[in-house]
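Visitor: Provided herewith is a single structure, encoded as structure tokens, for subsequent inquiry.
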Amino acid sequence: MNSLNKAGKKDSLDELISTVKKTENIPTLPKVLLKISEEMNGDNYSIKSIGELMSHDVSLSARILRIVNSPFYGFPQRIYSINHAIVLLGANVLKSIIISTSAFTLMKETMEGLWEHSLFCAFTAKQIAVALNARNKINGANKNTGNIDSDIAFSSGLLHDIGKIIIATTFKENFKKITDIAINDKRPLVDIEYEMLNVSHDQLGYMLIKEWNLPASVYLPIKYHHNVHLADDYKTEAAVLNLADFLTQALGIGYSGSPHIEKINGETLKILGIDIGFIKSVIEEIYSFKDELYIFD
Ligand SMILES: [Fe+2]
Ligand SMILES: [Fe+2]
């Protein structure tokens with residue numbers, strides 16, 4: 001029912017989004033991060049000038065290096081130079097790390113565990129993409145999935161619930177009510193947000209990420225991560241994100257605002273063409289990375 005409402009209320013979503021924009025409550029990027037982000041908007045950005053800008057933010061540089069040197073990335077040699085890290089991670093991952101870094105404190109303050117949920121979801125989404133690509137290579141490309149950009153999957157995983165920050169800051173009084181109802185009624189947060197605010201965190205996150213000039217391959221899966229069946233473009237990527245979100249909750253890593261674990265979207269398994277064996281192998285690969293979540297602390 002909720003999804004039908006969403007599908008039928010596209011116009012009011014646009015209206016609401018412009019209202020949120022006018023309230024100027026959208027989290028903004030710190031100056032240095034904004035400059036880096038602007039520099040990366042061009043196709044021909046210079047690694048050298050981004051490296052230079054980053055050197056002004058010691059903690060950001062340290063985080064980037066910690067991520068690139070984490071066992072999750074598994075590069076054979078230790079990477080010491082920020083310029084080398086920029087090349088290895090690529091513009092989109094770098095940008096999503098920058099955005100999530102600036103939202104990091106806010107995330108920690110507004111929803112304990114949301115940060116861990118987001119980072120583990122990013123690891124998981126990337127792993128699912130890598131596993132699907134490997135399977136397709138062996139079995140011949142699956143007509144639905146094709147090749148999935150695993151770095152894009154990482155970026156959308158990292159930012160998928162960032163809309164919850166807007167709810168926590170823009171709709172302060174409602175935010176507490178929403179989480180209380182979700183906990184007491186054991187219902188998905190997204191449904192209660194929609195009932196109370198006529199907008200939900202997936203839609204707000206989509207707006208925010210679009211505003212920050214990340215590509216559609218990142219913001220469209222975010223828009224549909226709870227309603228994969230409604231996605232047109234990047235449906236596979238939305239399904240990857242839906243599965244990653246589900247696994248992160250099911251494994252009890254971090255906290256996404258409600259103890260209620262939402263079911264996997266009915267279409268996700270079909271779109272990805274996977275069975276329980278595939279899911280088990282993904283879990284085996286990612287579970288050890290739960291110890292990697294300290295890299296941003
Ligand atoms: Fe979500
Ligand atoms: Fe989530």
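Every chain in the structure tokens takes a letter, A first, then B, and so on in the order presented; its residues are numbered from 1, and the ligands are numbered from 1 following the presented order.
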Counting only C-alpha atoms and all ligand atoms, which residues of chain A sit at most 9 Å from some atom of ligand 1, and what is each one's closest atom pair with its distance in Å to one decimal, listed by chain and rising residue number, as a tab-separated table?
Guide:
residue	atom	partner	partner_atom_place_in_ligand_line	distance
A:His160	CA	ligand 1	1 (Fe)	6.2
A:Asp161	CA	ligand 1	1 (Fe)	4.8
A:Ile162	CA	ligand 1	1 (Fe)	8.4
A:Gly163	CA	ligand 1	1 (Fe)	8.2
A:Lys164	CA	ligand 1	1 (Fe)	8.0
A:Leu189	CA	ligand 1	1 (Fe)	8.0
A:Val190	CA	ligand 1	1 (Fe)	6.9
A:Ser200	CA	ligand 1	1 (Fe)	8.8
A:His201	CA	ligand 1	1 (Fe)	6.5
A:Asp202	CA	ligand 1	1 (Fe)	5.9
A:Ile222	CA	ligand 1	1 (Fe)	8.0
A:His225	CA	ligand 1	1 (Fe)	6.5
A:His226	CA	ligand 1	1 (Fe)	6.4
A:Asn242	CA	ligand 1	1 (Fe)	8.5
A:Asp245	CA	ligand 1	1 (Fe)	7.4
A:Ser256	CA	ligand 1	1 (Fe)	7.6
Visitor: Find the spatial neighbours of segment 118-125 of chain A, counting only C-alpha atoms, within a cut-off of 9 Å - ignore same-chain residues fewer than 2 positions away - and output them as a count of residues only.
Guide: 43
Visitor: Using only C-alpha atoms and all ligand atoms, which residue out of A:Ile47, A:Ile99, A:Met111, A:Ile181 lies closest to ligand 2?
Guide: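 Ranking A:Ile47, A:Ile99, A:Met111, A:Ile181 by distance to ligand 2, first place goes to A:Met111.
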Visitor: Assign secondary structure with DSSP using the backbone only, and return the residues of segment 68-187 of chain A in alpha helix (DSSP H) as a VMD selection string.
Guide: chain A and resid 68 82 to 89 91 to 110 114 to 139 150 to 159 163 to 170 172 to 185
Visitor: I want to know what sits within 9 Å of Ile152 of chain A, based on only C-alpha atoms, with residues of the same chain fewer than 5 positions away left out; could you give that as a CSV table (one decimal) with C-alpha atoms, in the first residue's frame?
Guide:
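Saved file result14.csv follows:
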chain,number,residue,atom,x,y,z
A,92,ASN,CA,32.9,8.4,-6.7
A,93,VAL,CA,34.1,6.4,-3.7
A,126,LYS,CA,30.6,-4.2,-2.9
A,157,GLY,CA,25.8,1.5,0.5
A,215,PRO,CA,25.9,10.0,-10.5
A,217,SER,CA,24.0,5.1,-10.5
A,218,VAL,CA,24.5,6.1,-6.8
A,237,GLU,CA,21.9,-1.9,-8.3
Visitor: Using only C-alpha atoms, which residue out of A:Ala103, A:Ala239, A:Leu33, A:Ile178 lies closest to Ile148 of chain A?
Guide: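 Once distances to Ile148 of chain A are computed over only C-alpha atoms, the minimum belongs to A:Ala239.
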Visitor: Rounded to one decimal place, report the atom CA of Pro71 of chain A-atom CA of Ala250 of chain A distance in Å.
Guide: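 Separation between atom CA of Pro71 of chain A and atom CA of Ala250 of chain A: 22.8 Å.
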Visitor: So what do you get for atom CA of Ile97 of chain A versus atom CA of Leu65 of chain A, distance-wise?
Guide: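 Between atom CA of Ile97 of chain A and atom CA of Leu65 of chain A the gap works out to 11.4 Å.
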